[in-house]
Every structure is written in structure tokens, then in C-alpha cells.
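Colleague: If you scroll down you'll find the structure; I have some questions about it.
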Amino acid sequence: MRFLRFLVLIVALVAVYAAQYLVDQQTLEFLRTSWVSENLPFLRAMIDWSPNNRQTLGLYLGGIGALLFGLTAYGWPRWSPANPAKPINHNPASPSFSSAFGLFLLLAPLFGGALLVFYLQQNPQEPAWTHFLWIVGIALYVLGSWLRDRVPSSSIPAMVPEKSWPAMLLMLVVVGFLLGWQLDTVPVRVDEAQATHGLQALQVAAGLENRIFAPSWFDTPLFAYYPAALGMALGGDGLLGSRLSGLMAGLLMIVGVWLLGCEIYRRPPTAEDGLDDGRIPALLAAAFTAVGYAFIYFGRLPYSLEAIAWGVLGLWALHRGVRTRSLPAMALAGLLGGLVFSLHSSGIIFWAVALLWWLWFALSRRGWMARLGWNGFALWAGGVFVFLAPFIGGWLRVPQSLTARFPDFALQATDIGLFRNGRGILLAFWTLADGSNQAPWQGPLLDSLVTPLLLLGIGYILLNLDRLQSWLLLSWLVAAVVLGNVPTFAPSWPWILSLLPVAGLLCAVAIDRARSTLVQAGAPWLGQFSLFIVGGLLVLAVSNNWVAWYETETVQGDPASYAGRAIRSLPADRTPVLLDNGDDSRARWSDPVVQFLAGGPYAKEALSINSNDWPANLPAQSSIILQPDDQPLAAELQSRYPGGVFLLQRNRQGDPVLIVYQLP
């Protein structure tokens with residue numbers, strides 16, 4: 001029986017990788033041999049199939065392989081972190097002074113939040129006392145939960161997968177190097193969304209905007225721009241600081257995935273699992289999250305991964321709070337739940353995931369809930385309210401600032417778009433590129449080396465729903481797919497980035513269950529050797545994705561990005577001049593990309609000239625920025641403004657992208 005299980009496991013692995021090969025529409029010419037024609041004619045016939053038919057076959061084959069894996073792999077070991085016990089009374093009949101004072105500190109921020117809702121609903125101004133009350137309320141809420149927490153320590157021996165932190169630190173160093181390499185140079189292109197976000201953050205960094213709760217130009221609370229403004233203050237440059245905030249969010253997300261993996265994969269060490277307490281799948285989850293093209297791309301951009309990083313940490317705090325009956329962890333989970341929605345609209349996905357997790361805890365971990373009581377849920381919900389209270393006041397005053405963040409949700413929830421977009425989001429892992437056109441990469445969300453492992457993980461959780469880990473990961477996957485339907489142009493990568501952490505966790509559980517099955521099938525050496533194979537796969541995946549990203553992002557630009565970067569590189573004593581002939585494809589001072597890269601609309605003198613109406617003279621030390629198509633104007637420029645020098649800029653492939661005529 002063990003040998004049969006081993007064979008089926010190998011068949012499942014071969015099936016999913018063969019399916020990925022078909023989905024990628026790779027060549028099948030190697031099947032055009034006489035031996036295949038004589039012995040395997042059905043494979044020979046596949047050469048003449050259309051690409052769509054091959055892709056469909058690949059999807060079916062991958063689904064079969066995933067289900068075979070779910071049937072074959074041994075389930076996650078069952079264990080109870082604590083013996084069933086009666087509920088712990090966090091409100092004893094004779095409470096201590098610290099416990100009673102803690103209750104007061106918990107209630108005070110709720111009343112303060114209600115005051116902020118009432119005041120900001122009536123007034124658009126944000127006096128300093130509103131900021132002070134909000135910050136103090138958050139601090140008091142955490143302090144009150146700590147004083148109120150009187151849970152005795154568990155007598156169960158602790159499994160501490162968090163002791164793998166040295167390996168996690170090494171991973172962060174590698175990821176930080178990959179994300180930070182030429183941070184302000186690559187990607188060359190700066191799109192309008194990044195530029196407008198940067199311009200708003202520049203206003204905050206320059207002290208021209210000191211509000212926090214009010215909506216911004218695009219209805220997102222101004223609070224969401226403070227991380228980029230902080231990066232600008234630290235980096236001393238708008239573009240570098242903006243991308244620095246994205247880098248820090250990417251590293252924080254990796255830490256969050258590792259911590260969450262330590263929580264949900266915690267287990268007692270057994271011989272069947274290689275004497276591992278959960279640290280190996282936790283590290284693998286973080287690694288698989290970090291190797292994808294989408295993570296490398298968005299890890300250099302502001303605002304994209306910030307909500308995802310804090311959302312993952314919020315789920316970690318929620319699981320840890322319920323498992324350990326820690327009231328401070330529950331308070332932290334609620335506060336982080338409020339934080340994610342203030343940063344990006346997609347933060348609502350983590351609300352849905354958290355509510356589904358509460359449901360699974362109540363159904364499958366009644367011992368945990370009995371000991372914690374519903375006080376934990378109240379504390380979590382209170383944390384969400386304490387953080388969002390001032391924002392709620394603004395939304396009540398201007399409802400459009402909230403509803404504008406979900407323009408297409410009603411449409412997608414009432415027509416066939418719900419099914420169509422949901423299918424597109426799932427296929428984003430395998431075939432479909434970004435529908436929002438924000439990422440220039442025309443490939444799928446995950447690497448072809450990693451996606452088959454995700455498929456195995458999905459097959460495992462579908463056929464092992466009696467395990468809590470399966471319910472938690474399945475609910476996350478379903479919530480992200482359903483709520484990812486908000487944008488019309490699904491799959492929209494900025495909206496479905498919350499799938500990256502759960503994809504990493506699913507790949508990790510697939511590897512762990514495959515290793516455990518190999519060990520229990522009588523091949524322990526193969527189970528250990530598989531870790532080396534996975535390590536090589538991770539190195540190969542991150543190398544392929546990083547090189548593909550670098551090759552793409554160093555040559556893809558647009559006139560506004562090239563012109564803005566040229567202006568950004570000019571010394572302070574030079575005057576940039578743009579040639580404007582009325583063509584919309586040219587760089588203009590009104591373009592937010594040019595304004596942002598130039599340091600803001602208030603940083604450079606906006607001087608433009610027209611080739612149909614040349615000015616008599618230009619300021620000394622002017623730099624006229626031209627496009628490659630403007631080469632016929634070179635002689636006339638030299639005749640009208642003599643003494644200048646032409647500088648030709650090329651991209652990495654040697655193609656001309658910009659001409660600068662510098663006057664003395």
C-alpha cells in the first residue's frame with residue numbers, strides 16, 4: 001500500500017508539471033518520432049492540436065493531478081495545543097486593580113472614537129487634538145488589553161518554529177538586495193498612478209498637507225500617503241523615497257508570511273515529519289511568496305504591498321490571539337484590520353478572511369473559543385473601530401469618498417461578471433496577464449516552476465477539509481477570488497495581490513505533505529533530498545523572474561518618464577525646457593509623471609517652447625529636452641541658440657530614448 005501511495009504521488013507530480021508545460025504552450029515537436037507514432041499515437045496527435053485545446057487539456061490534467069495528490073498525501077498531524085477547559089473569566093468577581101483599570105482603558109478609546117466620528121462628520125477641519133486623541137486612543141487600547149490579560153500560561157510543551165529567525169533574517173537580506181538593486185533607476189517607466197501617489201506624498205513630506213483622515217485626490221485617506229512621505233524624508237528624494245516605502249512593505253510582507261506560517265503550521269516534532277515543528281513549511285511559504293515576478297515588481301512600488309503586509313500580520317495576530325488566548329494579540333489584530341482598509345480598498349479582502357476565520361474557529365476549535373470566550377471577538381471588532389473611527393466620520397460627511405473606492409462592485413455582483421472575473425483571477429496564476437495594464441509583464445502571476453506546487457496545495461486542502469489549516473487557506477483563497485471581482489478589468493494585479501501570501505502558504509503545505517508521504521512510504525532519504533530539490537527550484541525561479549523583470553523594466557519607458565528623469569538629473573542651476581508641439585504623446589509639464597520626477601510642480605520652472613513659434617532667446621544654462629523624432633530640429637536649434645552641446649541618451653539595448661541640448 002505504501003508503494004502504491006508512492007507511485008500515485010509521483011504520477012500526481014508528473015501530471016501537474018506536464019499540465020503546466022501544456023498551459024505554457026511549449027513546443028511538442030519532440031513527440032514527432034517514429035517510436036511515438038507507433039507506440040503512443042495519441043501523443044503524436046497532440047502535435048496538431050490547436051493551442052487552446054492543448055491549454056484546456058493542461059488545465060484538466062492539472063486538476064486531475066491535484067486531486068490525486070490530495071487523495072494520496074498524508075493529512076496534517078492532529079494535535080491539540082491545550083486540553084479542553086472551562087472558559088477563563090476575564091472579569092472575575094473580585095478583579096485586581098490592574099484588570100479593572102485595563103477595562104477602563106479599553107472603554108475610553110471607544111468613547112474617544114465615537115467623539116471623533118461625531119466631530120469629523122460635522123467638520124472638515126482636523127485640529128491637532130483629533131490626531132492626538134486618535135494616537136493616544138490606539139496606545140491606550142493596546143495597554144488596556146495587556147492589563148486586562150490574565151491568562152495562565154499553557155502547560156503544553158512549546159513548539160517554537162519562530163526559532164528559525166536566523167534563516168528568516170538571511171532570506172530578508174537576499175530579498176532586500178534583489179528589491180533594492182538600482183531602486184531609483186529600475187523600473188525606468190513611472191506610470192500615472194505612481195506619479196499622482198508620489199505628488200500627494202510630496203505634499204505631505206513638504207509640509208503642505210498635514211491632514212490625516214481626509215480623502216486624497218483619489219478618495220483614499222491621506223493617511224495612506226504617509227509611508228511614502230516617510231520614505232521621501234529618509235531617502236531625501238521623491239522617487240527613491242516612494243520606492244523605498246514599497247521595498248519596506250515587501251520585506252514586511254515576507255516577515256508576516258513567515259510568522260503566519262509559524263502559527264498555522266505549528267506542530268509537535270515527529271519522525272514522519274522529519275522532526276520538524278513547523279519551521280520548514282513556514283520558511284518555504286515566505287520563500288515561495290518572494291520569488292514571483294509580481295512580488296519583485298510591486299515590491300519596488302509604493303502603496304501596492306502595504307495593505308497586504310499589514311493584513312497578513314493582522315491574520316497572524318488573530319490566529320495567535322485565539323490559540324494562546326492573548327488579549328493584546330486580539331487588540332492588535334483588530335487595529336491592523338482597520339489599518340489595512342485605510343491603506344487600500346483591497347483591504348476589505350482581509351476583513352472577509354478574518355470573519356471566515358472566526359467562523360472556522362467557532363466550528364472547529366470550540367475548545368479555543370470556549371477558553372477565550374466572545375470577549376476576543378469583541379476586542380477584535382473594537383480595535384477595528386478604534387483605528388477607523390476618524391475615517392468613518394469623514395466617510396459619513398462625504399459618502400462619495402467611500403463609495404468611489406468600489407465603483408464596479410455592484411455591477412460585478414449582479415451579472416455574469418462575477419463568474420467571468422472569478423475564472424479570470426484563478427487563471428491569472430497560469431495564463432492571464434495583468435488586466436489593469438499597470439504591470440508591463442505579459443505573463444501570469446506565478447512562475448511556471450511554482451504554479452504546479454500551488455495546484456497540489458489546492459488539491460490537498462480540498463480533500464482534507466477536516467484540518468483547520470485547510471479551512472483557513474481555502475477561505476482566504478475564496479475571499480480573494482470573490483472580492484477580487486471589484487475591478488471590471490479582472491484580473492487586476494493590484495487588487496489580487498492578497499493571493500500571493502496564500503499561494504506561498506499553499507506551495508509550502510504541498511511540499512511538506514509530499515515530504516511526509518515520501519518518508520512514511522519508506523523513502524526517508526528521498527524526503528530529505530527533496531528539500532535540496534526545492535531549494536534549487538526556488539533559486540531557479542527567483543533567477544528567472546528577476547532576470548525577466550530586469551530585462552523588461554530597463555527597456556520599457558515612455559516619453560514622460562524619460563523626460564522627467566532627465567529633468568531630475570539636471571543640476572539645480574540649469575533650467576529644463578520641454579518642446580511642446582501640441583502632440584499628446586509628448587512629455588508636458590502638465591503630466592503628473594513629469595511633475596513628480598521633477599520634484600513636484602513647485603520644484604522646477606515650467607518652461608516650454610514650440611517649434612512653430614521659437615522664442616528669441618532662452619535663459620542661460622538651459623537644457624532643451626527632445627525626443628528621438630526631433631532630430632530634424634537639431635540644425636535649427638543650433639542656429640537659433642548657438643554654442644550648445646547635444647547629449648544623446650540610450651536605453652540598455654542601445655536604442656535612443658532622449659536628446660538633451662544644453663546651452664552654456
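Labels used: A, B, ... for chains in the order of the C-alpha cells, numbers from 1 for residues in each chain, and numbers from 1 for ligands as shown.
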Might you pull out every residue within 8 Å of stretch 43-54 of chain A, with only C-alpha atoms counted and same-chain residues fewer than 2 positions away left off, and present them as a ChimeraX atom specification?
Modeller: /A:22-23,25,28-29,31-32,36-37,40-41,56-58
Colleague: Just C-alpha atoms for this one: save the residues we selected as a CSV table (one decimal), in the first residue's frame.
Modeller:
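As a result, part.csv now contains:
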chain,number,residue,atom,x,y,z
A,22,LEU,CA,0.8,22.4,-22.0
A,23,VAL,CA,-0.6,25.6,-20.5
A,25,GLN,CA,2.1,26.3,-24.9
A,28,LEU,CA,5.7,19.4,-28.7
A,29,GLU,CA,8.0,18.7,-31.7
A,31,LEU,CA,7.0,13.9,-30.0
A,32,ARG,CA,7.4,13.8,-33.7
A,36,VAL,CA,5.9,7.7,-30.5
A,37,SER,CA,3.9,7.4,-33.7
A,40,LEU,CA,1.8,6.3,-28.4
A,41,PRO,CA,-0.3,7.6,-31.4
A,56,THR,CA,-7.7,23.1,-22.0
A,57,LEU,CA,-6.1,19.6,-21.7
A,58,GLY,CA,-3.4,21.1,-19.5
Colleague: Within 9 Å of A:Ala233, counting only C-alpha atoms, which residues qualify if same-chain residues fewer than 5 places away don't, as a short mmCIF file (atom, residue, chain, number, x, y, z; two decimals) with C-alpha atoms, in the first residue's frame?
Modeller:
data_model
loop_
_atom_site.label_atom_id
_atom_site.label_comp_id
_atom_site.auth_asym_id
_atom_site.auth_seq_id
_atom_site.Cartn_x
_atom_site.Cartn_y
_atom_site.Cartn_z
CA ALA A 205 6.64 65.42 3.06
CA ALA A 206 6.98 69.12 2.24
CA ALA A 228 5.79 57.16 1.09
CA GLY A 238 10.85 61.80 -4.14
CA GLY A 241 11.70 57.59 -1.07
#
Colleague: Ranking A:Asn123, A:Ser516, A:Asp580, A:Arg574 by minimum distance to A:Phe6 and counting only C-alpha atoms, which one comes first?
Modeller: A:Ser516
Colleague: Could you name the residues that touch stretch 215-220 of chain A at 7 Å or less, counting only C-alpha atoms, but leaving out those on the same chain fewer than 2 positions away, as a list of chain:residue names?
Modeller: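 Neighbouring residues, sequence-local ones excluded: A:Phe213, A:Leu222, A:Ala224, A:Ser401, A:Ala404, A:Arg405.
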Colleague: List as an MDAnalysis selection string the protein and nucleic acid residues near stretch 254-266 of chain A, meaning an atom at most 8 Å away when only C-alpha atoms are counted, but skip any in the same chain fewer than 4 places from it.
Modeller: chainID A and resid 159:162 168 172 250 277:279 281:283 285:287 289:290 309:310 312:313 315:316 319:320 469 501 505
Colleague: Kindly export the residues of the current selection with N, CA and C atoms, as an mmCIF file, in the first residue's frame.
Modeller:
data_model
loop_
_atom_site.group_PDB
_atom_site.id
_atom_site.type_symbol
_atom_site.label_atom_id
_atom_site.label_comp_id
_atom_site.auth_asym_id
_atom_site.auth_seq_id
_atom_site.Cartn_x
_atom_site.Cartn_y
_atom_site.Cartn_z
ATOM 1 N N MET A 159 6.099 24.360 21.009
ATOM 2 C CA MET A 159 6.783 24.188 19.741
ATOM 3 C C MET A 159 7.077 25.588 19.226
ATOM 4 N N VAL A 160 8.305 25.882 18.965
ATOM 5 C CA VAL A 160 8.692 27.256 18.655
ATOM 6 C C VAL A 160 9.336 27.306 17.273
ATOM 7 N N PRO A 161 8.530 27.256 16.215
ATOM 8 C CA PRO A 161 9.130 27.394 14.873
ATOM 9 C C PRO A 161 9.731 28.775 14.644
ATOM 10 N N GLU A 162 9.366 29.743 15.501
ATOM 11 C CA GLU A 162 9.952 31.082 15.369
ATOM 12 C C GLU A 162 11.454 31.090 15.624
ATOM 13 N N MET A 168 15.348 33.190 8.503
ATOM 14 C CA MET A 168 14.458 34.237 8.006
ATOM 15 C C MET A 168 15.221 35.538 7.768
ATOM 16 N N LEU A 172 15.681 37.686 4.306
ATOM 17 C CA LEU A 172 15.375 39.116 4.177
ATOM 18 C C LEU A 172 16.544 39.873 3.557
ATOM 19 N N GLY A 250 7.415 45.260 1.125
ATOM 20 C CA GLY A 250 7.688 43.918 0.642
ATOM 21 C C GLY A 250 8.391 43.064 1.682
ATOM 22 N N ASP A 277 9.046 21.153 13.694
ATOM 23 C CA ASP A 277 7.944 21.733 14.468
ATOM 24 C C ASP A 277 7.149 22.764 13.690
ATOM 25 N N GLY A 278 7.355 22.809 12.390
ATOM 26 C CA GLY A 278 6.622 23.746 11.540
ATOM 27 C C GLY A 278 7.487 24.822 10.933
ATOM 28 N N ARG A 279 8.768 24.849 11.299
ATOM 29 C CA ARG A 279 9.614 25.932 10.803
ATOM 30 C C ARG A 279 9.937 25.779 9.311
ATOM 31 N N PRO A 281 7.975 24.430 6.717
ATOM 32 C CA PRO A 281 6.925 24.993 5.854
ATOM 33 C C PRO A 281 6.758 26.498 6.018
ATOM 34 N N ALA A 282 7.028 27.041 7.213
ATOM 35 C CA ALA A 282 6.923 28.491 7.393
ATOM 36 C C ALA A 282 7.971 29.213 6.551
ATOM 37 N N LEU A 283 9.199 28.720 6.570
ATOM 38 C CA LEU A 283 10.256 29.329 5.757
ATOM 39 C C LEU A 283 9.978 29.145 4.266
ATOM 40 N N ALA A 285 7.046 28.908 2.872
ATOM 41 C CA ALA A 285 5.955 29.816 2.496
ATOM 42 C C ALA A 285 6.490 31.213 2.212
ATOM 43 N N ALA A 286 7.377 31.704 3.081
ATOM 44 C CA ALA A 286 7.967 33.024 2.855
ATOM 45 C C ALA A 286 8.791 33.043 1.575
ATOM 46 N N ALA A 287 9.547 31.968 1.331
ATOM 47 C CA ALA A 287 10.393 31.916 0.135
ATOM 48 C C ALA A 287 9.556 31.885 -1.138
ATOM 49 N N THR A 289 6.629 33.034 -1.570
ATOM 50 C CA THR A 289 5.992 34.336 -1.754
ATOM 51 C C THR A 289 6.938 35.332 -2.401
ATOM 52 N N ALA A 290 8.228 35.203 -2.124
ATOM 53 C CA ALA A 290 9.199 36.218 -2.539
ATOM 54 C C ALA A 290 9.791 35.982 -3.920
ATOM 55 N N ALA A 309 0.878 43.547 3.431
ATOM 56 C CA ALA A 309 1.802 43.231 4.520
ATOM 57 C C ALA A 309 1.118 43.343 5.876
ATOM 58 N N TRP A 310 0.429 44.439 6.111
ATOM 59 C CA TRP A 310 -0.239 44.620 7.411
ATOM 60 C C TRP A 310 -1.426 43.682 7.549
ATOM 61 N N VAL A 312 -1.588 40.568 6.388
ATOM 62 C CA VAL A 312 -1.045 39.271 6.780
ATOM 63 C C VAL A 312 -0.665 39.278 8.257
ATOM 64 N N LEU A 313 -0.058 40.367 8.714
ATOM 65 C CA LEU A 313 0.287 40.462 10.133
ATOM 66 C C LEU A 313 -0.969 40.479 11.002
ATOM 67 N N LEU A 315 -3.770 38.854 10.325
ATOM 68 C CA LEU A 315 -4.221 37.458 10.407
ATOM 69 C C LEU A 315 -3.335 36.656 11.359
ATOM 70 N N TRP A 316 -2.034 36.947 11.344
ATOM 71 C CA TRP A 316 -1.135 36.275 12.296
ATOM 72 C C TRP A 316 -1.534 36.598 13.730
ATOM 73 N N HIS A 319 -4.837 34.712 14.648
ATOM 74 C CA HIS A 319 -4.645 33.285 14.928
ATOM 75 C C HIS A 319 -3.901 33.088 16.241
ATOM 76 N N ARG A 320 -2.886 33.881 16.469
ATOM 77 C CA ARG A 320 -2.122 33.739 17.705
ATOM 78 C C ARG A 320 -2.965 34.115 18.923
ATOM 79 N N GLN A 469 -6.002 23.964 9.039
ATOM 80 C CA GLN A 469 -5.190 24.680 8.055
ATOM 81 C C GLN A 469 -5.883 24.733 6.703
ATOM 82 N N PRO A 501 0.451 35.826 -0.676
ATOM 83 C CA PRO A 501 0.784 35.107 0.559
ATOM 84 C C PRO A 501 0.119 33.746 0.667
ATOM 85 N N LEU A 505 1.797 29.994 1.036
ATOM 86 C CA LEU A 505 1.431 29.042 2.091
ATOM 87 C C LEU A 505 0.958 27.713 1.505
#
Colleague: Which one is closest to A:Leu465: A:Trp76, A:Phe111, A:Tyr21, A:Trp549? Count only C-alpha atoms.
Modeller: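 Looking only at the distances to A:Leu465, the closest residue turns out to be A:Trp76.
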Colleague: Taking 6 positions as the minimum chain separation for residues in the same chain, which residues sit within 8 Å of A:Gln595 when counting only C-alpha atoms? Answer as an NGL selection string.
Modeller: :A and (195 or 199 or 564 or 589 or 601)
Colleague: Take the residues just selected and output them with C-alpha atoms as a PDB file, in the first residue's frame.
Modeller:
ATOM      1  CA  ALA A 195       3.201  59.695 -10.088  1.00  0.00           C
ATOM      2  CA  LEU A 199       2.841  64.001  -5.805  1.00  0.00           C
ATOM      3  CA  GLY A 564      11.105  63.504 -16.109  1.00  0.00           C
ATOM      4  CA  TRP A 589       4.781  69.943 -17.729  1.00  0.00           C
ATOM      5  CA  PRO A 601       5.012  71.136  -9.523  1.00  0.00           C
TER       6      PRO A 601
END
Colleague: Considering only C-alpha atoms, state which residue in the set A:Tyr60, A:Tyr661, A:Trp476, A:Phe101 is at the smallest distance from A:Phe350.
Modeller: A:Trp476
Colleague: Using only C-alpha atoms, which of A:Phe532, A:Ile296, A:Lys163, A:Gly376 sits nearest A:Leu318?
Modeller: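 Comparing A:Phe532, A:Ile296, A:Lys163, A:Gly376 against A:Leu318, the winner is A:Gly376.
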Colleague: What lies within 7 Å of A:Leu456 using only C-alpha atoms, ignoring chain neighbours under 6 positions off, as a PyMOL selection string?
Modeller: chain A and resi 66+69+510
Colleague: From the DSSP assignment of the backbone, select every residue of stretch 336-585 of chain A that is helix (DSSP H, G or I), and format the answer as a ChimeraX atom specification.
Modeller: /A:336-343,345-364,366-372,375-397,400-403,409-414,417-427,451-462,468-483,493-496,499-520,524-553,559-569
Colleague: Write out as a list in words each polymer residue whose atoms come within 12 Å of A:Gly235, counting only C-alpha atoms; drop sequence neighbours fewer than 4 positions from it.
Modeller: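 Residues near the query, excluding close chain neighbours: Leu183, Asp184, Ala205, Ala228, Ala229, Leu230, Gly231, Leu239, Leu240, Gly241, Ser242, Arg243, Leu244 and Ser245 of chain A.
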Colleague: Could the residues in this selection be written to a file with all heavy atoms, as a short mmCIF file (atom, residue, chain, number, x, y, z; two decimals), in the first residue's frame?
Modeller:
data_model
loop_
_atom_site.label_atom_id
_atom_site.label_comp_id
_atom_site.auth_asym_id
_atom_site.auth_seq_id
_atom_site.Cartn_x
_atom_site.Cartn_y
_atom_site.Cartn_z
N LEU A 183 17.37 50.81 -7.12
CA LEU A 183 15.98 51.05 -6.72
C LEU A 183 15.36 52.25 -7.43
O LEU A 183 14.20 52.20 -7.86
CB LEU A 183 15.92 51.25 -5.20
CG LEU A 183 14.54 51.43 -4.58
CD1 LEU A 183 13.66 50.22 -4.85
CD2 LEU A 183 14.64 51.68 -3.07
N ASP A 184 16.10 53.34 -7.55
CA ASP A 184 15.52 54.53 -8.17
C ASP A 184 15.67 54.54 -9.69
O ASP A 184 15.14 55.43 -10.35
CB ASP A 184 16.16 55.79 -7.58
CG ASP A 184 17.66 55.84 -7.84
OD1 ASP A 184 18.24 54.77 -8.08
OD2 ASP A 184 18.24 56.93 -7.78
N ALA A 205 5.24 65.32 2.62
CA ALA A 205 6.64 65.42 3.06
C ALA A 205 7.11 66.86 3.13
O ALA A 205 7.93 67.20 3.99
CB ALA A 205 7.53 64.62 2.11
N ALA A 228 4.94 56.65 2.17
CA ALA A 228 5.79 57.16 1.09
C ALA A 228 6.44 58.48 1.49
O ALA A 228 7.61 58.73 1.16
CB ALA A 228 4.97 57.33 -0.19
N ALA A 229 5.70 59.33 2.19
CA ALA A 229 6.27 60.60 2.66
C ALA A 229 7.42 60.35 3.63
O ALA A 229 8.44 61.06 3.60
CB ALA A 229 5.19 61.45 3.31
N LEU A 230 7.27 59.34 4.48
CA LEU A 230 8.35 58.99 5.40
C LEU A 230 9.57 58.49 4.62
O LEU A 230 10.72 58.84 4.95
CB LEU A 230 7.88 57.93 6.39
CG LEU A 230 8.92 57.41 7.39
CD1 LEU A 230 9.44 58.54 8.26
CD2 LEU A 230 8.33 56.30 8.25
N GLY A 231 9.32 57.68 3.60
CA GLY A 231 10.44 57.22 2.77
C GLY A 231 11.14 58.37 2.07
O GLY A 231 12.37 58.38 1.94
N LEU A 239 11.39 60.10 -5.81
CA LEU A 239 11.27 58.79 -6.43
C LEU A 239 11.90 57.71 -5.56
O LEU A 239 11.31 56.65 -5.34
CB LEU A 239 11.93 58.81 -7.81
CG LEU A 239 11.93 57.50 -8.59
CD1 LEU A 239 10.50 57.04 -8.84
CD2 LEU A 239 12.70 57.64 -9.89
N LEU A 240 13.10 57.96 -5.05
CA LEU A 240 13.77 56.97 -4.21
C LEU A 240 12.97 56.71 -2.94
O LEU A 240 12.78 55.55 -2.53
CB LEU A 240 15.17 57.45 -3.86
CG LEU A 240 15.98 56.55 -2.92
CD1 LEU A 240 16.19 55.18 -3.55
CD2 LEU A 240 17.31 57.20 -2.56
N GLY A 241 12.47 57.76 -2.29
CA GLY A 241 11.70 57.59 -1.07
C GLY A 241 10.39 56.86 -1.30
O GLY A 241 9.98 56.04 -0.48
N SER A 242 9.75 57.16 -2.43
CA SER A 242 8.50 56.49 -2.75
C SER A 242 8.72 54.99 -2.93
O SER A 242 7.97 54.16 -2.39
CB SER A 242 7.90 57.10 -4.02
OG SER A 242 6.71 56.45 -4.38
N ARG A 243 9.77 54.63 -3.65
CA ARG A 243 10.04 53.21 -3.85
C ARG A 243 10.61 52.57 -2.60
O ARG A 243 10.47 51.35 -2.41
CB ARG A 243 10.99 53.05 -5.04
CG ARG A 243 10.33 53.42 -6.36
CD ARG A 243 11.21 53.15 -7.55
NE ARG A 243 10.46 53.35 -8.80
CZ ARG A 243 10.99 53.22 -10.00
NH1 ARG A 243 12.27 52.90 -10.13
NH2 ARG A 243 10.24 53.41 -11.09
N LEU A 244 11.26 53.33 -1.77
CA LEU A 244 11.76 52.78 -0.52
C LEU A 244 10.61 52.30 0.36
O LEU A 244 10.73 51.26 1.03
CB LEU A 244 12.58 53.83 0.23
CG LEU A 244 13.28 53.38 1.51
CD1 LEU A 244 14.29 52.28 1.22
CD2 LEU A 244 13.96 54.57 2.19
N SER A 245 9.49 53.00 0.34
CA SER A 245 8.33 52.56 1.12
C SER A 245 7.80 51.23 0.58
O SER A 245 7.35 50.37 1.34
CB SER A 245 7.23 53.63 1.09
OG SER A 245 6.69 53.78 -0.22
#
Colleague: Atom CA of A:Leu597 and atom CA of A:Glu306, how far apart in Å?
Modeller: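 About the pair atom CA of A:Glu306 and atom CA of A:Leu597: they are 22.1 Å apart.
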